[in-house]
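Source file: protein-v4.tsv (TSV, C-alpha atoms)
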```tsv
chain	number	residue	atom	x	y	z
A	1	MET	CA	-9.59	11.09	5.29
A	2	ILE	CA	-10.25	8.05	7.47
A	3	LEU	CA	-13.83	6.83	7.45
A	4	PRO	CA	-15.30	4.55	10.12
A	5	ASP	CA	-16.90	2.01	7.79
A	6	ILE	CA	-17.85	1.07	4.24
A	7	ALA	CA	-21.16	2.98	4.43
A	8	ALA	CA	-19.28	6.23	5.07
A	9	PHE	CA	-16.56	5.32	2.54
A	10	ILE	CA	-18.83	4.77	-0.49
A	11	PRO	CA	-20.11	8.38	-0.87
A	12	THR	CA	-16.52	9.72	-0.96
A	13	LEU	CA	-15.66	7.70	-4.08
A	14	PRO	CA	-16.00	8.79	-7.70
A	15	ARG	CA	-18.40	6.71	-9.83
A	16	SER	CA	-15.60	4.52	-11.14
A	17	GLY	CA	-11.99	3.76	-10.35
A	18	GLY	CA	-10.08	1.02	-8.66
A	19	ILE	CA	-9.87	0.55	-4.93
A	20	ALA	CA	-6.79	-0.75	-3.14
A	21	GLY	CA	-6.93	-3.41	-0.46
A	22	LEU	CA	-4.05	-3.70	1.99
A	23	ASP	CA	-2.99	-6.54	4.26
A	24	LEU	CA	-0.66	-4.84	6.71
A	25	GLY	CA	1.87	-7.12	8.36
A	26	ASP	CA	4.96	-6.57	10.49
A	27	LYS	CA	7.33	-7.34	7.62
A	28	THR	CA	5.22	-6.83	4.50
A	29	ILE	CA	2.25	-5.01	3.03
A	30	GLY	CA	0.13	-7.09	0.69
A	31	VAL	CA	-1.53	-4.98	-2.00
A	32	ALA	CA	-4.55	-5.86	-4.12
A	33	LEU	CA	-6.51	-3.66	-6.52
A	34	SER	CA	-10.01	-3.84	-7.90
A	35	ASP	CA	-11.07	-3.34	-11.47
A	36	LEU	CA	-12.58	0.02	-12.41
A	37	ARG	CA	-16.13	-1.28	-11.86
A	38	ARG	CA	-15.16	-2.52	-8.39
A	39	SER	CA	-16.29	-6.09	-8.84
A	40	VAL	CA	-13.08	-8.15	-8.79
A	41	ALA	CA	-10.04	-7.89	-6.50
A	42	THR	CA	-6.67	-8.89	-7.93
A	43	PRO	CA	-3.46	-9.48	-5.95
A	44	VAL	CA	-0.83	-7.00	-7.17
A	45	GLU	CA	2.30	-6.75	-5.06
A	46	VAL	CA	4.00	-7.39	-1.75
A	47	ILE	CA	5.93	-4.44	-0.35
A	48	ARG	CA	8.73	-5.38	2.04
A	49	ARG	CA	8.46	-3.05	5.01
A	50	GLU	CA	11.45	-0.93	5.97
A	51	LYS	CA	10.25	2.22	7.67
A	52	PHE	CA	6.99	4.08	7.33
A	53	THR	CA	8.20	6.88	5.03
A	54	LEU	CA	9.73	4.46	2.53
A	55	ASP	CA	6.78	2.09	2.73
A	56	ALA	CA	4.25	4.88	2.22
A	57	THR	CA	6.20	6.37	-0.69
A	58	ARG	CA	6.33	3.01	-2.47
A	59	LEU	CA	2.67	2.27	-1.72
A	60	LEU	CA	1.37	5.66	-2.83
A	61	ALA	CA	3.47	5.55	-6.02
A	62	LEU	CA	1.94	2.18	-6.85
A	63	LEU	CA	-1.60	3.39	-6.10
A	64	THR	CA	-1.10	6.55	-8.15
A	65	ALA	CA	0.28	4.56	-11.10
A	66	ARG	CA	-2.72	2.22	-10.94
A	67	GLY	CA	-5.25	5.05	-10.53
A	68	ALA	CA	-6.64	3.93	-7.18
A	69	VAL	CA	-9.42	6.13	-5.79
A	70	GLY	CA	-9.65	4.69	-2.26
A	71	ILE	CA	-7.89	2.43	0.25
A	72	ILE	CA	-9.32	-0.38	2.35
A	73	LEU	CA	-7.05	-1.56	5.15
A	74	GLY	CA	-7.54	-4.99	6.65
A	75	LEU	CA	-8.34	-4.63	10.36
A	76	PRO	CA	-6.87	-7.56	12.34
A	77	LEU	CA	-9.54	-7.93	15.01
A	78	ASN	CA	-9.27	-10.71	17.56
A	79	MET	CA	-11.57	-13.67	16.98
A	80	ASP	CA	-13.96	-12.34	19.64
A	81	GLY	CA	-14.16	-8.99	17.80
A	82	SER	CA	-12.04	-7.09	20.30
A	83	GLU	CA	-9.15	-4.84	19.31
A	84	GLY	CA	-5.61	-5.74	20.24
A	85	PRO	CA	-2.15	-4.26	19.60
A	86	ARG	CA	-2.20	-5.14	15.88
A	87	VAL	CA	-5.41	-3.13	15.40
A	88	GLN	CA	-3.80	-0.15	17.14
A	89	SER	CA	-0.79	-0.48	14.83
A	90	THR	CA	-3.05	-0.63	11.75
A	91	ARG	CA	-5.00	2.44	12.87
A	92	ALA	CA	-1.71	4.30	13.49
A	93	PHE	CA	-0.54	3.36	9.97
A	94	ALA	CA	-3.81	4.75	8.56
A	95	ARG	CA	-3.45	8.00	10.53
A	96	ASN	CA	0.10	8.46	9.22
A	97	LEU	CA	-0.91	7.56	5.66
A	98	GLU	CA	-3.84	10.00	5.84
A	99	LYS	CA	-1.33	12.84	6.22
A	100	LEU	CA	0.27	11.90	2.87
A	101	THR	CA	-2.73	11.28	0.62
A	102	ALA	CA	-6.17	12.68	-0.11
A	103	LEU	CA	-7.49	9.18	-0.88
A	104	PRO	CA	-10.29	8.08	1.43
A	105	ILE	CA	-9.28	5.26	3.79
A	106	THR	CA	-11.46	2.78	5.64
A	107	PHE	CA	-11.14	-0.58	7.35
A	108	TRP	CA	-12.47	-4.08	6.73
A	109	ASP	CA	-12.49	-6.98	9.17
A	110	GLU	CA	-9.71	-9.28	8.01
A	111	ARG	CA	-10.27	-12.17	10.40
A	112	LEU	CA	-9.35	-15.44	8.67
A	113	SER	CA	-8.35	-13.76	5.39
A	114	THR	CA	-4.83	-15.20	5.58
A	115	VAL	CA	-6.24	-18.63	6.44
A	116	ALA	CA	-8.55	-18.48	3.41
A	117	ALA	CA	-5.71	-17.29	1.17
A	118	GLU	CA	-3.46	-20.10	2.42
A	119	ARG	CA	-6.16	-22.71	1.72
A	120	ALA	CA	-6.71	-21.36	-1.78
A	121	LEU	CA	-2.99	-21.48	-2.53
A	122	ILE	CA	-2.71	-25.03	-1.18
A	123	GLU	CA	-5.68	-26.08	-3.33
A	124	ALA	CA	-3.91	-24.52	-6.30
A	125	ASP	CA	-0.93	-26.76	-5.44
A	126	THR	CA	1.36	-23.82	-4.79
A	127	SER	CA	4.66	-24.82	-3.17
A	128	ARG	CA	5.41	-23.74	0.39
A	129	LYS	CA	8.04	-21.30	-0.94
A	130	GLY	CA	5.61	-19.97	-3.55
A	131	ARG	CA	2.91	-19.47	-0.91
A	132	LYS	CA	5.29	-17.51	1.29
A	133	GLU	CA	6.05	-15.13	-1.57
A	134	VAL	CA	2.42	-14.36	-2.47
A	135	ILE	CA	0.35	-15.00	0.67
A	136	ASP	CA	0.16	-11.33	1.71
A	137	LYS	CA	-1.10	-10.03	-1.62
A	138	VAL	CA	-3.58	-12.91	-1.90
A	139	ALA	CA	-4.80	-12.12	1.64
A	140	ALA	CA	-5.14	-8.46	0.56
A	141	SER	CA	-7.32	-9.58	-2.33
A	142	TYR	CA	-9.56	-11.56	0.07
A	143	ILE	CA	-9.90	-8.47	2.26
A	144	LEU	CA	-10.69	-6.26	-0.73
A	145	GLN	CA	-13.11	-8.76	-2.29
A	146	GLY	CA	-15.09	-8.92	0.93
A	147	ALA	CA	-15.40	-5.14	0.98
A	148	LEU	CA	-16.29	-4.99	-2.73
A	149	ASP	CA	-19.01	-7.61	-2.25
A	150	ARG	CA	-20.42	-5.59	0.64
A	151	MET	CA	-20.35	-2.40	-1.45
A	152	THR	CA	-22.23	-4.17	-4.26
A	153	TYR	CA	-24.81	-5.48	-1.78
A	154	MET	CA	-25.30	-2.01	-0.31
A	155	ALA	CA	-25.73	-0.48	-3.79
A	156	ARG	CA	-28.43	-3.05	-4.58
A	157	LEU	CA	-30.25	-2.17	-1.36
A	158	ASP	CA	-30.14	1.52	-2.29
A	159	GLU	CA	-31.71	0.75	-5.69
A	160	GLN	CA	-34.74	-0.93	-4.10
```
In structure tokens, write the structure found in this file.
Amino acid sequence: MILPDIAAFIPTLPRSGGIAGLDLGDKTIGVALSDLRRSVATPVEVIRREKFTLDATRLLALLTARGAVGIILGLPLNMDGSEGPRVQSTRAFARNLEKLTALPITFWDERLSTVAAERALIEADTSRKGRKEVIDKVAASYILQGALDRMTYMARLDEQ
């Protein structure tokens, strides 16, 4: 089930369980997962894209093995907030994935996530080759962490 935003996504989740964050690229899918309490996002894997069926099979096997209870897809909006061809491609991926899993799926604005991930890797003195190998999963963790932080903020508002 595809949900329009985090507010609609939260009620579909069980009380605990990890959430997956995805950075969908043309050649790779960066995957990050949260802890069971949904406070910390950790980069997990980069899936080299081949064709949708193979990509989805690999992704869903990974998420099942890790016990993920939801999926947050990075939405590559333009800097002015408009939607371009990459957003359409991401939404199409979500619609196709929805047919293969009962996990709830939503989107999170991923603008500048790759830039932030790149800066963090440079600050960590990661070589150019090393950055290339991990950038997508680190970007996925930035996307997921942003969504987790928002979920925590919303939960605090509900408690007041």
Quiz item: Of the residues A:Asp109, A:Ala68, A:Lys51, A:Glu98, which is the one nearest to A:Gly81, using only C-alpha atoms?
Solution: A:Asp109
Exercise. Using only C-alpha atoms, determine which residues lie at most 9 Å from A:Gly17, disregarding the query and same-chain residues fewer than 2 positions distant; provide the list as a PyMOL selection string.
Key: chain A and resi 13-15+19+34-38+67-70
Selection above as a file: C-alpha atoms, as a PDB file, in the coordinates of the input:
```
ATOM      1  CA  LEU A  13     -15.660   7.700  -4.080  1.00  0.00           C
ATOM      2  CA  PRO A  14     -16.000   8.790  -7.700  1.00  0.00           C
ATOM      3  CA  ARG A  15     -18.400   6.710  -9.830  1.00  0.00           C
ATOM      4  CA  ILE A  19      -9.870   0.550  -4.930  1.00  0.00           C
ATOM      5  CA  SER A  34     -10.010  -3.840  -7.900  1.00  0.00           C
ATOM      6  CA  ASP A  35     -11.070  -3.340 -11.470  1.00  0.00           C
ATOM      7  CA  LEU A  36     -12.580   0.020 -12.410  1.00  0.00           C
ATOM      8  CA  ARG A  37     -16.130  -1.280 -11.860  1.00  0.00           C
ATOM      9  CA  ARG A  38     -15.160  -2.520  -8.390  1.00  0.00           C
ATOM     10  CA  GLY A  67      -5.250   5.050 -10.530  1.00  0.00           C
ATOM     11  CA  ALA A  68      -6.640   3.930  -7.180  1.00  0.00           C
ATOM     12  CA  VAL A  69      -9.420   6.130  -5.790  1.00  0.00           C
ATOM     13  CA  GLY A  70      -9.650   4.690  -2.260  1.00  0.00           C
TER      14      GLY A  70
END
```
Could you list, as a JSON list (two decimals) with C-alpha atoms, in the coordinates of the input, every residue within 8 Å of stretch 21-33 of chain A, counting only C-alpha atoms and ignoring same-chain residues fewer than 3 positions away?
```json
[["chain", "number", "residue", "atom", "x", "y", "z"],
["A", 18, "GLY", "CA", -10.08, 1.02, -8.66],
["A", 41, "ALA", "CA", -10.04, -7.89, -6.50],
["A", 42, "THR", "CA", -6.67, -8.89, -7.93],
["A", 43, "PRO", "CA", -3.46, -9.48, -5.95],
["A", 44, "VAL", "CA", -0.83, -7.00, -7.17],
["A", 45, "GLU", "CA", 2.30, -6.75, -5.06],
["A", 46, "VAL", "CA", 4.00, -7.39, -1.75],
["A", 47, "ILE", "CA", 5.93, -4.44, -0.35],
["A", 48, "ARG", "CA", 8.73, -5.38, 2.04],
["A", 49, "ARG", "CA", 8.46, -3.05, 5.01],
["A", 50, "GLU", "CA", 11.45, -0.93, 5.97],
["A", 68, "ALA", "CA", -6.64, 3.93, -7.18],
["A", 71, "ILE", "CA", -7.89, 2.43, 0.25],
["A", 72, "ILE", "CA", -9.32, -0.38, 2.35],
["A", 73, "LEU", "CA", -7.05, -1.56, 5.15],
["A", 74, "GLY", "CA", -7.54, -4.99, 6.65],
["A", 90, "THR", "CA", -3.05, -0.63, 11.75],
["A", 135, "ILE", "CA", 0.35, -15.00, 0.67],
["A", 136, "ASP", "CA", 0.16, -11.33, 1.71],
["A", 137, "LYS", "CA", -1.10, -10.03, -1.62],
["A", 138, "VAL", "CA", -3.58, -12.91, -1.90],
["A", 139, "ALA", "CA", -4.80, -12.12, 1.64],
["A", 140, "ALA", "CA", -5.14, -8.46, 0.56],
["A", 141, "SER", "CA", -7.32, -9.58, -2.33],
["A", 143, "ILE", "CA", -9.90, -8.47, 2.26],
["A", 144, "LEU", "CA", -10.69, -6.26, -0.73]]
```
Which polymer residues have any atom within 12 Å of an atom of A:Ile6, counting all atoms listed in the file, with same-chain residues fewer than 5 positions away left out, as a PDB file with C-alpha atoms, keeping the file's coordinate frame?
```pdb
ATOM      1  CA  PRO A  11     -20.110   8.380  -0.870  1.00  0.00           C
ATOM      2  CA  THR A  12     -16.520   9.720  -0.960  1.00  0.00           C
ATOM      3  CA  LEU A  13     -15.660   7.700  -4.080  1.00  0.00           C
ATOM      4  CA  GLY A  70      -9.650   4.690  -2.260  1.00  0.00           C
ATOM      5  CA  ILE A  71      -7.890   2.430   0.250  1.00  0.00           C
ATOM      6  CA  ILE A  72      -9.320  -0.380   2.350  1.00  0.00           C
ATOM      7  CA  LEU A  73      -7.050  -1.560   5.150  1.00  0.00           C
ATOM      8  CA  PRO A 104     -10.290   8.080   1.430  1.00  0.00           C
ATOM      9  CA  ILE A 105      -9.280   5.260   3.790  1.00  0.00           C
ATOM     10  CA  THR A 106     -11.460   2.780   5.640  1.00  0.00           C
ATOM     11  CA  PHE A 107     -11.140  -0.580   7.350  1.00  0.00           C
ATOM     12  CA  TRP A 108     -12.470  -4.080   6.730  1.00  0.00           C
ATOM     13  CA  ASP A 109     -12.490  -6.980   9.170  1.00  0.00           C
ATOM     14  CA  LEU A 144     -10.690  -6.260  -0.730  1.00  0.00           C
ATOM     15  CA  GLY A 146     -15.090  -8.920   0.930  1.00  0.00           C
ATOM     16  CA  ALA A 147     -15.400  -5.140   0.980  1.00  0.00           C
ATOM     17  CA  LEU A 148     -16.290  -4.990  -2.730  1.00  0.00           C
ATOM     18  CA  ASP A 149     -19.010  -7.610  -2.250  1.00  0.00           C
ATOM     19  CA  ARG A 150     -20.420  -5.590   0.640  1.00  0.00           C
ATOM     20  CA  MET A 151     -20.350  -2.400  -1.450  1.00  0.00           C
ATOM     21  CA  THR A 152     -22.230  -4.170  -4.260  1.00  0.00           C
ATOM     22  CA  TYR A 153     -24.810  -5.480  -1.780  1.00  0.00           C
ATOM     23  CA  MET A 154     -25.300  -2.010  -0.310  1.00  0.00           C
ATOM     24  CA  ALA A 155     -25.730  -0.480  -3.790  1.00  0.00           C
TER      25      ALA A 155
END
```
With all atoms listed in the file as the counted atoms, please give the residues lying no more than 9 Å from A:Phe52, apart from itself and same-chain residues fewer than 2 positions off, as a JSON list (two decimals) with C-alpha atoms, in the coordinates of the input.
```json
[["chain", "number", "residue", "atom", "x", "y", "z"],
["A", 49, "ARG", "CA", 8.46, -3.05, 5.01],
["A", 50, "GLU", "CA", 11.45, -0.93, 5.97],
["A", 54, "LEU", "CA", 9.73, 4.46, 2.53],
["A", 55, "ASP", "CA", 6.78, 2.09, 2.73],
["A", 56, "ALA", "CA", 4.25, 4.88, 2.22],
["A", 57, "THR", "CA", 6.20, 6.37, -0.69],
["A", 93, "PHE", "CA", -0.54, 3.36, 9.97],
["A", 96, "ASN", "CA", 0.10, 8.46, 9.22],
["A", 97, "LEU", "CA", -0.91, 7.56, 5.66]]
```
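Comparing A:Arg91, A:Pro85, A:Ala20, A:Met79 by their smallest distance to A:Ala65, the closest is A:Ala20 (using all atoms listed in the file).
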Practice problem: In Å, rounded to a single decimal, give me how far atom CA of A:Arg86 is from atom CA of A:Glu110. | Solution: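 Value for the atom CA of A:Glu110-atom CA of A:Arg86 distance: 11.6 Å.
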Quiz item: Just how far from atom CA of A:Ala94 is atom CA of A:Pro76, in Å to one decimal?
Solution: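 These atoms are spaced 13.2 Å apart.
With atom CA of A:Tyr142 on one side and atom CA of A:Ala92 on the other, the separation reads 22.2 Å.
Of the residues under consideration (A:Leu157, A:Ala8, A:Val40, A:Leu63), A:Leu63 shows the shortest atom-to-atom contact distance to A:Thr101 when counting all atoms listed in the file.
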Completion step: stretch 134-150 of chain A with N, CA, C and O atoms as a CSV table (one decimal), in the coordinates of the input:
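Final file, selection17.csv:
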```csv
chain,number,residue,atom,x,y,z
A,134,VAL,N,3.6,-15.0,-2.0
A,134,VAL,CA,2.4,-14.4,-2.5
A,134,VAL,C,1.3,-14.3,-1.4
A,134,VAL,O,0.3,-13.6,-1.7
A,135,ILE,N,1.4,-14.9,-0.3
A,135,ILE,CA,0.4,-15.0,0.7
A,135,ILE,C,-0.2,-13.6,1.1
A,135,ILE,O,-1.4,-13.5,1.2
A,136,ASP,N,0.6,-12.6,1.2
A,136,ASP,CA,0.2,-11.3,1.7
A,136,ASP,C,-0.7,-10.6,0.7
A,136,ASP,O,-1.7,-10.0,1.0
A,137,LYS,N,-0.3,-10.7,-0.6
A,137,LYS,CA,-1.1,-10.0,-1.6
A,137,LYS,C,-2.4,-10.8,-1.9
A,137,LYS,O,-3.4,-10.2,-2.2
A,138,VAL,N,-2.3,-12.1,-1.7
A,138,VAL,CA,-3.6,-12.9,-1.9
A,138,VAL,C,-4.5,-12.6,-0.7
A,138,VAL,O,-5.7,-12.4,-0.9
A,139,ALA,N,-4.0,-12.5,0.5
A,139,ALA,CA,-4.8,-12.1,1.6
A,139,ALA,C,-5.4,-10.7,1.4
A,139,ALA,O,-6.6,-10.5,1.8
A,140,ALA,N,-4.6,-9.8,0.9
A,140,ALA,CA,-5.1,-8.5,0.6
A,140,ALA,C,-6.3,-8.5,-0.4
A,140,ALA,O,-7.3,-7.8,-0.3
A,141,SER,N,-6.2,-9.5,-1.4
A,141,SER,CA,-7.3,-9.6,-2.3
A,141,SER,C,-8.6,-10.2,-1.7
A,141,SER,O,-9.7,-9.8,-2.0
A,142,TYR,N,-8.4,-11.1,-0.7
A,142,TYR,CA,-9.6,-11.6,0.1
A,142,TYR,C,-10.2,-10.4,0.9
A,142,TYR,O,-11.4,-10.3,0.9
A,143,ILE,N,-9.4,-9.6,1.5
A,143,ILE,CA,-9.9,-8.5,2.3
A,143,ILE,C,-10.7,-7.5,1.3
A,143,ILE,O,-11.8,-7.2,1.6
A,144,LEU,N,-10.1,-7.2,0.2
A,144,LEU,CA,-10.7,-6.3,-0.7
A,144,LEU,C,-12.0,-6.9,-1.3
A,144,LEU,O,-13.0,-6.2,-1.5
A,145,GLN,N,-11.9,-8.1,-1.7
A,145,GLN,CA,-13.1,-8.8,-2.3
A,145,GLN,C,-14.3,-8.8,-1.3
A,145,GLN,O,-15.4,-8.5,-1.7
A,146,GLY,N,-14.0,-9.0,-0.1
A,146,GLY,CA,-15.1,-8.9,0.9
A,146,GLY,C,-15.7,-7.5,1.0
A,146,GLY,O,-17.0,-7.4,1.0
A,147,ALA,N,-14.9,-6.5,1.0
A,147,ALA,CA,-15.4,-5.1,1.0
A,147,ALA,C,-16.1,-4.8,-0.3
A,147,ALA,O,-17.2,-4.2,-0.3
A,148,LEU,N,-15.6,-5.2,-1.4
A,148,LEU,CA,-16.3,-5.0,-2.7
A,148,LEU,C,-17.7,-5.7,-2.8
A,148,LEU,O,-18.6,-5.1,-3.2
A,149,ASP,N,-17.7,-6.9,-2.3
A,149,ASP,CA,-19.0,-7.6,-2.2
A,149,ASP,C,-20.0,-6.9,-1.4
A,149,ASP,O,-21.2,-6.7,-1.7
A,150,ARG,N,-19.5,-6.4,-0.2
A,150,ARG,CA,-20.4,-5.6,0.6
A,150,ARG,C,-20.9,-4.3,0.0
A,150,ARG,O,-22.1,-3.9,0.1
```
